[in-house]
$ cat query18.csv   # CSV, C-alpha atoms
chain,number,residue,atom,x,y,z
A,1,MET,CA,12.1,13.8,-1.8
A,2,LEU,CA,15.8,13.2,-1.3
A,3,ILE,CA,17.9,16.0,0.1
A,4,ARG,CA,21.7,15.7,0.2
A,5,VAL,CA,23.9,18.4,1.8
A,6,ASP,CA,27.6,18.3,2.5
A,7,PRO,CA,28.8,20.9,5.0
A,8,ALA,CA,32.3,20.3,3.8
A,9,SER,CA,31.4,21.5,0.3
A,10,GLU,CA,32.3,25.0,-0.9
A,11,THR,CA,28.7,25.6,-2.1
A,12,PRO,CA,26.6,27.3,0.6
A,13,LEU,CA,24.3,25.0,2.5
A,14,PHE,CA,21.1,26.9,1.6
A,15,GLU,CA,22.1,26.6,-2.1
A,16,GLN,CA,22.7,22.8,-1.8
A,17,LEU,CA,19.4,22.5,-0.1
A,18,ALA,CA,17.5,24.5,-2.7
A,19,THR,CA,19.2,22.5,-5.5
A,20,SER,CA,18.0,19.2,-3.9
A,21,ILE,CA,14.4,20.3,-3.5
A,22,ARG,CA,14.3,22.0,-6.9
A,23,SER,CA,15.4,18.8,-8.7
A,24,SER,CA,12.9,16.8,-6.6
A,25,VAL,CA,10.1,19.0,-8.0
A,26,ILE,CA,11.5,18.7,-11.6
A,27,ASP,CA,11.8,14.9,-11.5
A,28,ARG,CA,8.3,14.8,-9.9
A,29,SER,CA,9.4,12.8,-6.8
A,30,LEU,CA,7.8,15.8,-5.1
A,31,ALA,CA,4.3,16.2,-6.4
A,32,ALA,CA,2.3,19.4,-6.6
A,33,GLY,CA,0.4,20.1,-3.4
A,34,GLU,CA,2.7,18.0,-1.3
A,35,ARG,CA,3.9,19.5,1.9
A,36,LEU,CA,7.5,20.0,2.7
A,37,PRO,CA,8.8,19.3,6.3
A,38,THR,CA,8.7,22.4,8.5
A,39,ALA,CA,11.9,24.4,8.5
A,40,ARG,CA,12.6,23.4,12.1
A,41,ALA,CA,12.0,19.7,11.4
A,42,LEU,CA,14.3,19.7,8.3
A,43,ALA,CA,17.0,21.6,10.2
A,44,GLU,CA,16.9,19.1,13.0
A,45,SER,CA,16.9,16.2,10.5
A,46,LEU,CA,20.0,17.5,8.6
A,47,GLY,CA,21.8,19.0,11.6
A,48,ILE,CA,21.9,22.5,10.2
A,49,ASN,CA,20.6,25.9,11.2
A,50,MET,CA,16.8,26.6,10.8
A,51,HIS,CA,17.6,29.9,9.1
A,52,THR,CA,19.6,28.1,6.4
A,53,VAL,CA,16.4,26.0,5.6
A,54,LEU,CA,14.2,29.1,5.7
A,55,ARG,CA,16.6,30.9,3.3
A,56,ALA,CA,16.5,27.9,0.9
A,57,TYR,CA,12.6,27.9,1.1
A,58,GLN,CA,12.5,31.6,0.4
A,59,GLU,CA,14.7,31.2,-2.6
A,60,LEU,CA,12.4,28.4,-3.9
A,61,ARG,CA,9.4,30.5,-3.3
A,62,ASP,CA,10.9,33.4,-5.3
A,63,GLU,CA,11.5,30.9,-8.1
A,64,GLY,CA,7.9,29.8,-8.0
A,65,PHE,CA,8.6,26.2,-7.0
A,66,ILE,CA,6.9,26.3,-3.6
A,67,GLU,CA,4.4,28.4,-1.8
A,68,LEU,CA,4.9,29.5,1.8
A,69,ARG,CA,1.8,30.0,3.8
A,70,ARG,CA,1.6,31.2,7.3
A,71,GLY,CA,0.6,28.2,9.5
A,72,ARG,CA,0.5,25.8,6.7
A,73,GLY,CA,4.2,25.5,6.0
A,74,ALA,CA,5.8,25.0,2.6
A,75,ILE,CA,3.7,23.5,-0.2
A,76,VAL,CA,4.9,22.5,-3.7
A,77,SER,CA,3.3,24.8,-6.3
A,78,ALA,CA,1.1,23.4,-8.9
A,79,SER,CA,3.2,24.1,-12.0
A,80,PRO,CA,1.4,23.9,-15.3
A,81,HIS,CA,4.6,23.4,-17.3
A,82,SER,CA,6.5,20.2,-17.5
A,83,TYR,CA,10.3,20.2,-17.4
A,84,ASP,CA,10.6,17.1,-19.6
A,85,SER,CA,11.3,18.7,-23.0
A,86,LEU,CA,13.6,21.3,-21.3
A,87,ALA,CA,15.6,18.5,-19.6
A,88,ALA,CA,16.0,16.7,-22.9
A,89,GLY,CA,17.2,20.0,-24.5
A,90,VAL,CA,19.7,20.7,-21.7
A,91,ALA,CA,21.0,17.1,-21.9
A,92,ALA,CA,21.7,17.6,-25.6
A,93,VAL,CA,23.4,21.0,-25.0
A,94,VAL,CA,25.6,19.6,-22.2
A,95,ALA,CA,26.6,16.6,-24.3
A,96,ASP,CA,27.5,19.0,-27.1
A,97,ALA,CA,29.6,21.2,-24.6
A,98,ARG,CA,31.3,18.1,-23.3
A,99,SER,CA,32.4,16.8,-26.7
A,100,ASN,CA,33.8,20.3,-27.6
A,101,ASN,CA,35.5,20.6,-24.2
A,102,VAL,CA,33.5,23.7,-23.2
A,103,SER,CA,33.7,24.2,-19.4
A,104,LEU,CA,30.6,24.4,-17.2
A,105,ALA,CA,31.5,28.1,-16.4
A,106,ALA,CA,31.6,28.9,-20.1
A,107,LEU,CA,28.3,27.0,-20.8
A,108,THR,CA,26.4,28.7,-17.9
A,109,ALA,CA,27.8,32.1,-19.2
A,110,LEU,CA,26.4,31.3,-22.6
A,111,ILE,CA,23.0,30.3,-21.2
A,112,ARG,CA,22.8,33.4,-19.0
A,113,GLU,CA,23.7,35.6,-21.9
A,114,GLU,CA,21.0,34.0,-24.1
A,115,TYR,CA,18.4,34.2,-21.3
A,116,GLN,CA,18.8,38.0,-20.8
B,1,MET,CA,-39.5,-22.0,-30.4
B,2,THR,CA,-37.7,-21.8,-33.7
B,3,LEU,CA,-34.7,-23.7,-32.6
B,4,PRO,CA,-34.4,-27.3,-33.8
B,5,ALA,CA,-35.1,-29.7,-30.9
B,6,GLU,CA,-31.7,-31.3,-31.2
B,7,ASN,CA,-29.9,-28.0,-30.8
B,8,ALA,CA,-32.0,-27.0,-27.8
B,9,VAL,CA,-31.2,-30.3,-26.1
B,10,SER,CA,-27.4,-30.0,-26.5
B,11,LYS,CA,-27.6,-26.4,-25.2
B,12,ARG,CA,-29.3,-27.7,-22.1
B,13,THR,CA,-26.8,-30.4,-21.7
B,14,ARG,CA,-23.9,-27.9,-21.9
B,15,ALA,CA,-25.6,-25.7,-19.3
B,16,ARG,CA,-26.1,-28.6,-17.0
B,17,ARG,CA,-22.5,-29.6,-17.3
B,18,LEU,CA,-21.4,-26.0,-16.5
B,19,ILE,CA,-23.7,-26.0,-13.5
B,20,ILE,CA,-22.3,-29.3,-12.3
B,21,VAL,CA,-18.7,-28.0,-12.6
B,22,ILE,CA,-19.4,-24.6,-10.9
B,23,GLY,CA,-22.1,-25.7,-8.4
B,24,VAL,CA,-20.8,-29.2,-7.4
B,25,VAL,CA,-17.3,-29.9,-8.4
B,26,ILE,CA,-15.6,-26.6,-7.6
B,27,PRO,CA,-17.3,-26.1,-4.2
B,28,LEU,CA,-16.5,-29.7,-3.2
B,29,LEU,CA,-12.9,-29.3,-4.2
B,30,ILE,CA,-12.7,-26.0,-2.2
B,31,THR,CA,-14.3,-27.5,0.9
B,32,LEU,CA,-12.3,-30.7,0.7
B,33,SER,CA,-9.0,-28.8,0.5
B,34,ALA,CA,-10.1,-26.6,3.5
B,35,ALA,CA,-11.0,-29.8,5.4
B,36,PHE,CA,-7.6,-31.2,4.5
B,37,VAL,CA,-5.8,-28.1,5.8
B,38,MET,CA,-7.9,-28.3,9.0
B,39,ALA,CA,-7.0,-31.9,9.4
B,40,LEU,CA,-3.3,-31.0,9.2
B,41,TRP,CA,-4.0,-28.6,12.1
B,42,ILE,CA,-5.6,-31.2,14.4
B,43,PRO,CA,-2.6,-31.6,16.7
B,44,GLU,CA,-2.5,-27.8,17.3
B,45,LEU,CA,-6.2,-27.3,17.9
B,46,PRO,CA,-7.7,-27.1,21.4
B,47,ARG,CA,-10.3,-29.6,22.5
B,48,PRO,CA,-13.1,-28.6,22.4
B,49,VAL,CA,-12.8,-26.0,19.6
B,50,ALA,CA,-14.8,-22.8,20.0
B,51,SER,CA,-17.2,-22.7,17.1
B,52,HIS,CA,-19.4,-19.7,17.8
B,53,TRP,CA,-18.8,-16.3,19.4
B,54,GLY,CA,-21.3,-14.1,21.2
B,55,THR,CA,-20.8,-10.7,22.9
B,56,ASN,CA,-19.2,-12.4,26.0
B,57,GLY,CA,-16.7,-14.5,24.1
B,58,PRO,CA,-17.1,-18.0,22.7
B,59,ASP,CA,-20.6,-19.5,23.4
B,60,GLY,CA,-20.5,-22.5,21.2
B,61,TYR,CA,-18.1,-25.4,21.3
B,62,SER,CA,-17.6,-28.4,19.0
B,63,THR,CA,-15.3,-31.4,18.7
B,64,VAL,CA,-12.5,-31.2,16.2
B,65,GLY,CA,-14.1,-33.8,14.0
B,66,GLY,CA,-17.4,-31.9,14.1
B,67,ILE,CA,-15.9,-28.6,13.0
B,68,ILE,CA,-14.2,-30.3,10.0
B,69,ALA,CA,-17.3,-32.3,9.1
B,70,LEU,CA,-19.8,-29.5,9.3
B,71,PRO,CA,-18.7,-27.4,6.3
B,72,LEU,CA,-18.3,-30.6,4.3
B,73,LEU,CA,-21.9,-31.6,5.1
B,74,ILE,CA,-23.2,-28.2,4.3
B,75,THR,CA,-21.4,-28.1,1.0
B,76,LEU,CA,-22.5,-31.7,0.2
B,77,ALA,CA,-26.1,-30.7,0.8
B,78,PHE,CA,-25.8,-27.6,-1.5
B,79,ALA,CA,-24.0,-29.6,-4.1
B,80,ALA,CA,-26.7,-32.3,-4.0
B,81,PHE,CA,-29.3,-29.5,-4.3
B,82,THR,CA,-27.5,-28.1,-7.3
B,83,ALA,CA,-27.2,-31.5,-9.0
B,84,VAL,CA,-30.9,-32.3,-8.5
B,85,VAL,CA,-32.0,-28.8,-9.8
B,86,SER,CA,-29.8,-29.1,-12.9
B,87,TRP,CA,-31.3,-32.5,-13.7
B,88,LYS,CA,-34.9,-31.3,-13.3
B,89,GLY,CA,-35.7,-31.8,-16.9
B,90,ALA,CA,-38.6,-29.3,-17.2
B,91,PRO,CA,-37.4,-26.6,-19.6
B,92,HIS,CA,-39.2,-23.8,-17.7
B,93,GLY,CA,-38.6,-24.4,-14.0
B,94,GLY,CA,-35.2,-26.0,-14.6
B,95,LEU,CA,-33.8,-23.1,-16.7
B,96,LEU,CA,-35.1,-20.5,-14.2
B,97,TRP,CA,-33.0,-22.2,-11.4
B,98,ALA,CA,-30.1,-22.6,-13.7
B,99,HIS,CA,-30.1,-18.8,-14.3
B,100,LYS,CA,-30.1,-18.1,-10.6
B,101,ILE,CA,-27.2,-20.5,-10.1
B,102,LEU,CA,-25.3,-19.1,-13.0
B,103,ILE,CA,-25.6,-15.6,-11.6
B,104,ALA,CA,-24.3,-16.8,-8.3
B,105,ALA,CA,-21.5,-18.7,-10.2
B,106,VAL,CA,-20.6,-15.6,-12.1
B,107,LEU,CA,-20.3,-13.7,-8.8
B,108,GLY,CA,-18.1,-16.5,-7.5
B,109,VAL,CA,-15.9,-16.5,-10.6
B,110,PHE,CA,-15.4,-12.7,-10.2
B,111,ALA,CA,-14.3,-13.3,-6.6
B,112,TRP,CA,-12.0,-16.0,-7.8
B,113,LEU,CA,-10.5,-13.7,-10.5
B,114,MET,CA,-9.9,-11.0,-7.9
B,115,LEU,CA,-7.9,-13.3,-5.7
B,116,PRO,CA,-4.2,-13.5,-6.7
B,117,ALA,CA,-2.8,-16.8,-8.0
B,118,ALA,CA,-0.7,-18.7,-5.5
B,119,GLU,CA,2.4,-18.6,-7.7
B,120,THR,CA,2.6,-14.8,-7.7
B,121,ILE,CA,4.0,-14.8,-4.2
B,122,THR,CA,7.6,-14.9,-5.3
B,123,SER,CA,8.9,-11.4,-4.8
B,124,THR,CA,12.7,-11.1,-4.6
B,125,ALA,CA,14.4,-8.4,-2.6
B,126,VAL,CA,16.9,-6.2,-4.4
B,127,ALA,CA,19.5,-4.9,-2.0
B,128,ALA,CA,19.7,-1.1,-2.0
B,129,LYS,CA,23.2,0.5,-2.5
B,130,PRO,CA,24.1,3.6,-0.4
B,131,ILE,CA,24.2,6.9,-2.3
B,132,THR,CA,27.7,7.7,-3.3
B,133,GLY,CA,29.2,10.9,-1.8
B,134,SER,CA,31.7,12.1,0.6
B,135,ASP,CA,31.7,11.0,4.3
B,136,THR,CA,30.6,14.4,5.4
B,137,GLN,CA,27.4,14.2,3.3
B,138,ARG,CA,24.1,14.3,5.1
B,139,VAL,CA,20.9,12.9,3.6
B,140,HIS,CA,17.2,13.5,4.4
B,141,PHE,CA,14.4,11.6,2.6
B,142,SER,CA,10.8,12.2,3.3
B,143,THR,CA,7.6,11.1,1.5
B,144,SER,CA,4.0,10.5,2.2
B,145,THR,CA,2.4,7.2,1.3
B,146,ARG,CA,-1.3,6.5,1.3
B,147,LEU,CA,-3.9,3.9,0.5
B,148,GLY,CA,-4.9,3.6,-3.1
B,149,PRO,CA,-8.3,5.2,-4.1
B,150,GLY,CA,-9.9,1.7,-4.8
B,151,VAL,CA,-9.2,0.5,-1.3
B,152,VAL,CA,-10.4,3.8,0.2
B,153,VAL,CA,-13.7,3.4,-1.6
B,154,ILE,CA,-14.2,-0.2,-0.2
B,155,ALA,CA,-13.2,1.0,3.3
B,156,VAL,CA,-15.6,3.9,3.1
B,157,VAL,CA,-18.5,1.6,2.0
B,158,ALA,CA,-17.6,-0.7,4.9
B,159,LEU,CA,-17.5,2.1,7.4
B,160,VAL,CA,-20.8,3.6,6.2
B,161,ALA,CA,-22.3,0.2,6.7
B,162,LEU,CA,-20.9,0.0,10.2
B,163,GLY,CA,-22.3,3.5,10.9
B,164,VAL,CA,-25.8,2.4,9.6
B,165,ALA,CA,-25.6,-0.7,11.8
B,166,LEU,CA,-24.8,1.4,14.8
B,167,ALA,CA,-27.6,3.8,14.1
B,168,ILE,CA,-30.1,1.0,13.8
B,169,GLN,CA,-28.8,-0.4,17.1
B,170,ALA,CA,-29.2,3.1,18.7
B,171,PHE,CA,-32.8,3.2,17.7
B,172,SER,CA,-33.9,-0.4,18.3
B,173,ASN,CA,-31.9,-1.2,21.4
B,174,PRO,CA,-30.2,1.9,23.0
B,175,ALA,CA,-29.5,0.0,26.2
B,176,GLU,CA,-27.0,-2.3,24.6
B,177,LEU,CA,-25.3,0.4,22.5
B,178,LEU,CA,-22.1,0.9,24.5
B,179,LEU,CA,-20.2,-2.2,23.5
B,180,PRO,CA,-21.0,-2.1,19.7
B,181,ALA,CA,-20.5,1.7,19.7
B,182,SER,CA,-17.1,1.5,21.3
B,183,ILE,CA,-15.9,-1.3,19.1
B,184,GLY,CA,-17.3,0.7,16.1
B,185,ILE,CA,-15.4,3.8,17.1
B,186,ILE,CA,-12.1,1.8,17.5
B,187,VAL,CA,-12.6,0.2,14.1
B,188,ILE,CA,-13.3,3.6,12.5
B,189,ALA,CA,-10.3,5.2,14.3
B,190,LEU,CA,-8.0,2.4,13.2
B,191,ALA,CA,-9.2,2.6,9.6
B,192,VAL,CA,-8.7,6.4,9.5
B,193,SER,CA,-5.2,6.2,11.0
B,194,THR,CA,-4.2,3.8,8.3
B,195,LEU,CA,-5.1,6.1,5.4
B,196,SER,CA,-2.0,8.2,5.1
B,197,TRP,CA,1.5,7.9,6.5
B,198,ARG,CA,4.6,10.2,6.7
B,199,VAL,CA,8.0,8.5,6.2
B,200,THR,CA,11.2,10.3,7.2
B,201,ILE,CA,14.7,8.9,6.7
B,202,ASP,CA,17.7,10.8,8.2
B,203,HIS,CA,20.7,10.3,10.6
B,204,ARG,CA,18.1,9.1,13.2
B,205,GLY,CA,17.0,6.2,11.0
B,206,LEU,CA,13.6,5.4,9.5
B,207,ARG,CA,10.6,7.0,11.1
B,208,VAL,CA,7.1,6.1,10.1
B,209,ARG,CA,4.1,8.0,11.4
B,210,SER,CA,0.4,7.9,10.6
B,211,ALA,CA,-1.1,11.2,9.6
B,212,LEU,CA,-3.0,11.2,12.9
B,213,GLY,CA,0.3,11.0,14.8
B,214,TRP,CA,-0.4,7.5,16.0
B,215,PRO,CA,0.6,4.7,15.3
B,216,ARG,CA,4.3,5.4,14.7
B,217,THR,CA,7.5,3.6,14.7
B,218,THR,CA,11.3,4.3,14.5
B,219,ILE,CA,14.1,2.0,13.4
B,220,ALA,CA,17.5,3.5,14.4
B,221,PRO,CA,20.4,3.1,12.0
B,222,ASP,CA,22.3,0.8,14.4
B,223,GLN,CA,19.3,-1.6,14.4
B,224,ILE,CA,19.5,-1.9,10.6
B,225,ASP,CA,21.2,-4.9,9.1
B,226,SER,CA,20.2,-4.4,5.4
B,227,VAL,CA,17.8,-2.5,3.2
B,228,ALA,CA,16.2,-3.7,0.1
B,229,VAL,CA,13.4,-2.9,-2.4
B,230,VAL,CA,10.7,-5.6,-2.9
B,231,ASP,CA,7.6,-5.9,-5.0
B,232,VAL,CA,4.6,-6.4,-2.7
B,233,ASN,CA,1.2,-7.9,-3.4
B,234,PRO,CA,-0.9,-6.8,-0.4
B,235,ILE,CA,-3.7,-9.3,-0.6
B,236,GLY,CA,-1.6,-12.3,-1.8
B,237,GLU,CA,1.2,-11.8,0.8
B,238,PHE,CA,-0.3,-9.9,3.6
B,239,GLY,CA,-4.0,-10.7,3.3
B,240,GLY,CA,-5.0,-7.1,3.0
B,241,TYR,CA,-4.1,-3.4,3.6
B,242,GLY,CA,-2.8,-1.5,6.6
B,243,TRP,CA,-0.4,-2.4,9.4
B,244,ARG,CA,0.1,-6.1,8.5
B,245,TRP,CA,1.9,-9.2,9.6
B,246,ALA,CA,2.7,-11.8,7.0
B,247,PRO,CA,3.0,-15.5,7.7
B,248,ASP,CA,6.7,-15.3,6.7
B,249,GLY,CA,7.6,-13.1,9.6
B,250,ARG,CA,7.5,-9.7,7.8
B,251,SER,CA,5.5,-6.9,9.3
B,252,GLY,CA,4.9,-3.4,8.3
B,253,ILE,CA,2.7,-0.8,6.5
B,254,VAL,CA,1.2,-2.2,3.4
B,255,LEU,CA,-0.9,0.3,1.5
B,256,SER,CA,-0.5,-0.4,-2.2
B,257,LYS,CA,0.6,-3.0,-4.7
B,258,GLY,CA,4.1,-2.4,-6.0
B,259,ASP,CA,7.4,-1.2,-4.6
B,260,ALA,CA,8.2,-1.3,-0.9
B,261,ILE,CA,11.3,-0.7,1.3
B,262,LEU,CA,12.2,-3.9,3.2
B,263,VAL,CA,14.4,-3.3,6.3
B,264,THR,CA,16.0,-6.3,7.9
B,265,ARG,CA,16.9,-5.6,11.5
B,266,MET,CA,20.0,-6.8,13.4
B,267,ASN,CA,17.7,-9.2,15.3
B,268,GLY,CA,16.4,-10.7,12.0
B,269,LYS,CA,13.0,-9.1,12.1
B,270,LYS,CA,11.8,-7.6,8.9
B,271,PHE,CA,9.8,-4.4,8.4
B,272,ILE,CA,8.2,-3.3,5.2
B,273,ILE,CA,6.6,-0.1,4.0
B,274,THR,CA,5.1,0.4,0.5
B,275,MET,CA,5.7,3.7,-1.3
B,276,HIS,CA,6.0,5.1,-4.8
B,277,ASP,CA,9.6,6.2,-4.5
B,278,ALA,CA,10.8,3.1,-2.6
B,279,GLN,CA,14.1,2.9,-4.6
B,280,LEU,CA,15.2,6.4,-3.6
B,281,GLY,CA,14.1,5.9,0.0
B,282,ALA,CA,15.9,2.5,0.3
B,283,GLU,CA,19.1,4.1,-1.0
B,284,ALA,CA,18.8,6.9,1.5
B,285,LEU,CA,18.2,4.4,4.3
B,286,ALA,CA,21.2,2.3,3.2
B,287,THR,CA,23.3,5.5,3.3
B,288,VAL,CA,22.4,6.3,6.9
B,289,ALA,CA,22.6,2.7,8.0
B,290,LYS,CA,26.2,2.4,6.6
B,291,LYS,CA,27.4,5.2,8.9

$ encode --input "query18.csv" --output "structure tokens"
Amino acid sequence: MLIRVDPASETPLFEQLATSIRSSVIDRSLAAGERLPTARALAESLGINMHTVLRAYQELRDEGFIELRRGRGAIVSASPHSYDSLAAGVAAVVADARSNNVSLAALTALIREEYQ
Amino acid sequence: MTLPAENAVSKRTRARRLIIVIGVVIPLLITLSAAFVMALWIPELPRPVASHWGTNGPDGYSTVGGIIALPLLITLAFAAFTAVVSWKGAPHGGLLWAHKILIAAVLGVFAWLMLPAAETITSTAVAAKPITGSDTQRVHFSTSTRLGPGVVVIAVVALVALGVALAIQAFSNPAELLLPASIGIIVIALAVSTLSWRVTIDHRGLRVRSALGWPRTTIAPDQIDSVAVVDVNPIGEFGGYGWRWAPDGRSGIVLSKGDAILVTRMNGKKFIITMHDAQLGAEALATVAKK
């Protein structure tokens, strides 16, 4: 699992952290059942606040990517669905948006509208 | 016997030829090359050479010539035995022996097939590029790497055998159990500590830790000269699995065949660790080493 955060970026740190871990689960570099570092260890490792890490972990738990168990830490959930076909579809949609000069904001607005 | 006599004879000749190749030629070649290698070592060997070990250290000594000649003589004796047996014309007794030797030969061939060919030891290191990003970017990489299931099965079988041997010793001769038991416990602890490792890469460098917490090691970013990804063949290059030292000066944790991170330190020493996502890890390590 590779995590990249940039404190100078405008995106909140917990959001950057959650994005990194989420994509590790999606591309399977984090396997189901694998244990994530403790919030304290990860905070020390990245030089950020432990509560930032906990907030990212809680967001990922709410999304169903990880399970938080008292005393056992954070564990990657066993997800029965594969993201492969979804990733291929998204790639096609993004390519389409790029060729038609549709901005990322407009594309996410479209997706959000369709999802609701 | 419905086979024509002629056919049966040629079959037997072919079997004999096979037995001679497998039971005489190949063992002699192997022993001769081993003797040749030992002959090359003569200047470095002590005189006399320890040739047998007991519980209190070496208890048998031999001359250098003797230790090179002994395996040769033993192999010659066995080869002569094989040759005589294969030429024992009697169809009944002869074939029975031939079967036994063939079974042994088949086992030998399997062992031979399992060993890697010498020319496979040509892995090239591919230097890892740092991950692109701003200077304020911080990276963390962590993964766990463990022994493959096949190796674990072999290790478990060996450890069970060790346990049985200790149990037999405990029943038959409890007075002398202390030494074998303590060695056995050390061996078991070492084997278990090798099973699974935790790898962490961040601004503090590369940290590798056994699941038991020990052994562990750290390479700080300022000790790192370069990072690369290599393809590793555990048996061919390191002679096995676990914390290993290769003849070419590399050391490290070798748990599976395939990709590994190769770290070259400032002092020239090389450290290696096998893992499934070595490419990503090497890039992360190159990123922290660059800073």

$ closest_atom_pairs --input "query18.csv" --of "segment 35-92 of chain A" --to "segment 15-25 of chain A" --cutoff "10 Å" --atoms "only C-alpha atoms" --output "JSON lines"
{"residue": "A:Leu36", "atom": "CA", "partner": "A:Ile21", "partner_atom": "CA", "distance": 9.3}
{"residue": "A:Thr52", "atom": "CA", "partner": "A:Leu17", "partner_atom": "CA", "distance": 8.6}
{"residue": "A:Val53", "atom": "CA", "partner": "A:Leu17", "partner_atom": "CA", "distance": 7.3}
{"residue": "A:Arg55", "atom": "CA", "partner": "A:Ala18", "partner_atom": "CA", "distance": 8.8}
{"residue": "A:Ala56", "atom": "CA", "partner": "A:Ala18", "partner_atom": "CA", "distance": 5.1}
{"residue": "A:Tyr57", "atom": "CA", "partner": "A:Ala18", "partner_atom": "CA", "distance": 7.1}
{"residue": "A:Gln58", "atom": "CA", "partner": "A:Ala18", "partner_atom": "CA", "distance": 9.2}
{"residue": "A:Glu59", "atom": "CA", "partner": "A:Ala18", "partner_atom": "CA", "distance": 7.3}
{"residue": "A:Leu60", "atom": "CA", "partner": "A:Ala18", "partner_atom": "CA", "distance": 6.5}
{"residue": "A:Glu63", "atom": "CA", "partner": "A:Arg22", "partner_atom": "CA", "distance": 9.4}
{"residue": "A:Phe65", "atom": "CA", "partner": "A:Arg22", "partner_atom": "CA", "distance": 7.1}
{"residue": "A:Ile66", "atom": "CA", "partner": "A:Val25", "partner_atom": "CA", "distance": 9.1}
{"residue": "A:Val76", "atom": "CA", "partner": "A:Val25", "partner_atom": "CA", "distance": 7.6}
{"residue": "A:Ser77", "atom": "CA", "partner": "A:Val25", "partner_atom": "CA", "distance": 9.1}
{"residue": "A:Ser79", "atom": "CA", "partner": "A:Val25", "partner_atom": "CA", "distance": 9.5}
{"residue": "A:Tyr83", "atom": "CA", "partner": "A:Val25", "partner_atom": "CA", "distance": 9.5}

$ residues_around --input "query18.csv" --residues "Asp202 of chain B" --least-positions-apart "5" --cutoff "8 Å" --atoms "all atoms listed in the file" --output "PyMOL selection string"
(chain A and resi 45-46) or (chain B and resi 138-141+284-285+288)

$ closest_residue --input "query18.csv" --among "A:Asn49, A:Ser29, A:Ser82, A:Asn101" --to "chain B" --atoms "all atoms listed in the file"
A:Ser29

$ atom_distance --input "query18.csv" --atom1 "atom CA of Ala104 of chain B" --atom2 "atom CA of Thr82 of chain B"
11.8 Å

$ closest_residue --input "query18.csv" --among "B:Leu73, B:Pro46, B:Ile30, B:Ser226" --to "Tyr61 of chain B" --atoms "only C-alpha atoms"
B:Pro46

$ closest_residue --input "query18.csv" --among "A:Pro37, A:Leu54, A:Pro12, A:Ala95" --to "chain B" --atoms "all atoms listed in the file"
A:Pro37

$ atom_distance --input "query18.csv" --atom1 "atom CA of Gly33 of chain A" --atom2 "atom CA of Gln137 of chain B"
28.4 Å

$ atom_distance --input "query18.csv" --atom1 "atom CA of Thr136 of chain B" --atom2 "atom CA of Val5 of chain A"
8.6 Å

$ interface_residues --input "query18.csv" --of "chain B" --to "chain A" --cutoff "12 Å" --atoms "all atoms listed in the file" --output "ChimeraX atom specification"
/B:131-145,198-207,275-285,287-288

$ decode --input "query18.csv" --residues "segment 60-72 of chain A" --atoms "N, CA and C atoms" --output "PDB file, in the first residue's frame"
ATOM      1  N   LEU A  60     -13.369   5.723   5.530  1.00  0.00           N
ATOM      2  CA  LEU A  60     -13.248   4.478   4.754  1.00  0.00           C
ATOM      3  C   LEU A  60     -14.137   3.382   5.332  1.00  0.00           C
ATOM      4  N   ARG A  61     -14.317   3.406   6.668  1.00  0.00           N
ATOM      5  CA  ARG A  61     -15.213   2.414   7.275  1.00  0.00           C
ATOM      6  C   ARG A  61     -16.651   2.680   6.837  1.00  0.00           C
ATOM      7  N   ASP A  62     -17.055   3.965   6.826  1.00  0.00           N
ATOM      8  CA  ASP A  62     -18.409   4.317   6.408  1.00  0.00           C
ATOM      9  C   ASP A  62     -18.655   3.928   4.959  1.00  0.00           C
ATOM     10  N   GLU A  63     -17.580   3.961   4.140  1.00  0.00           N
ATOM     11  CA  GLU A  63     -17.729   3.580   2.731  1.00  0.00           C
ATOM     12  C   GLU A  63     -17.656   2.061   2.538  1.00  0.00           C
ATOM     13  N   GLY A  64     -17.317   1.326   3.614  1.00  0.00           N
ATOM     14  CA  GLY A  64     -17.274  -0.136   3.539  1.00  0.00           C
ATOM     15  C   GLY A  64     -15.946  -0.701   3.065  1.00  0.00           C
ATOM     16  N   PHE A  65     -14.916   0.151   2.963  1.00  0.00           N
ATOM     17  CA  PHE A  65     -13.625  -0.346   2.493  1.00  0.00           C
ATOM     18  C   PHE A  65     -12.847  -1.063   3.594  1.00  0.00           C
ATOM     19  N   ILE A  66     -12.969  -0.577   4.812  1.00  0.00           N
ATOM     20  CA  ILE A  66     -12.236  -1.207   5.915  1.00  0.00           C
ATOM     21  C   ILE A  66     -13.173  -1.465   7.096  1.00  0.00           C
ATOM     22  N   GLU A  67     -12.716  -2.322   7.987  1.00  0.00           N
ATOM     23  CA  GLU A  67     -13.448  -2.577   9.216  1.00  0.00           C
ATOM     24  C   GLU A  67     -12.582  -2.119  10.379  1.00  0.00           C
ATOM     25  N   LEU A  68     -13.188  -1.413  11.324  1.00  0.00           N
ATOM     26  CA  LEU A  68     -12.444  -0.976  12.502  1.00  0.00           C
ATOM     27  C   LEU A  68     -12.912  -1.815  13.682  1.00  0.00           C
ATOM     28  N   ARG A  69     -11.962  -2.550  14.286  1.00  0.00           N
ATOM     29  CA  ARG A  69     -12.336  -3.387  15.430  1.00  0.00           C
ATOM     30  C   ARG A  69     -11.506  -2.985  16.617  1.00  0.00           C
ATOM     31  N   ARG A  70     -12.169  -2.895  17.739  1.00  0.00           N
ATOM     32  CA  ARG A  70     -11.463  -2.504  18.956  1.00  0.00           C
ATOM     33  C   ARG A  70     -10.361  -3.523  19.249  1.00  0.00           C
ATOM     34  N   GLY A  71      -9.163  -3.025  19.426  1.00  0.00           N
ATOM     35  CA  GLY A  71      -8.047  -3.891  19.779  1.00  0.00           C
ATOM     36  C   GLY A  71      -7.380  -4.567  18.591  1.00  0.00           C
ATOM     37  N   ARG A  72      -8.075  -4.615  17.462  1.00  0.00           N
ATOM     38  CA  ARG A  72      -7.478  -5.292  16.308  1.00  0.00           C
ATOM     39  C   ARG A  72      -7.052  -4.311  15.224  1.00  0.00           C
TER      40      ARG A  72
END
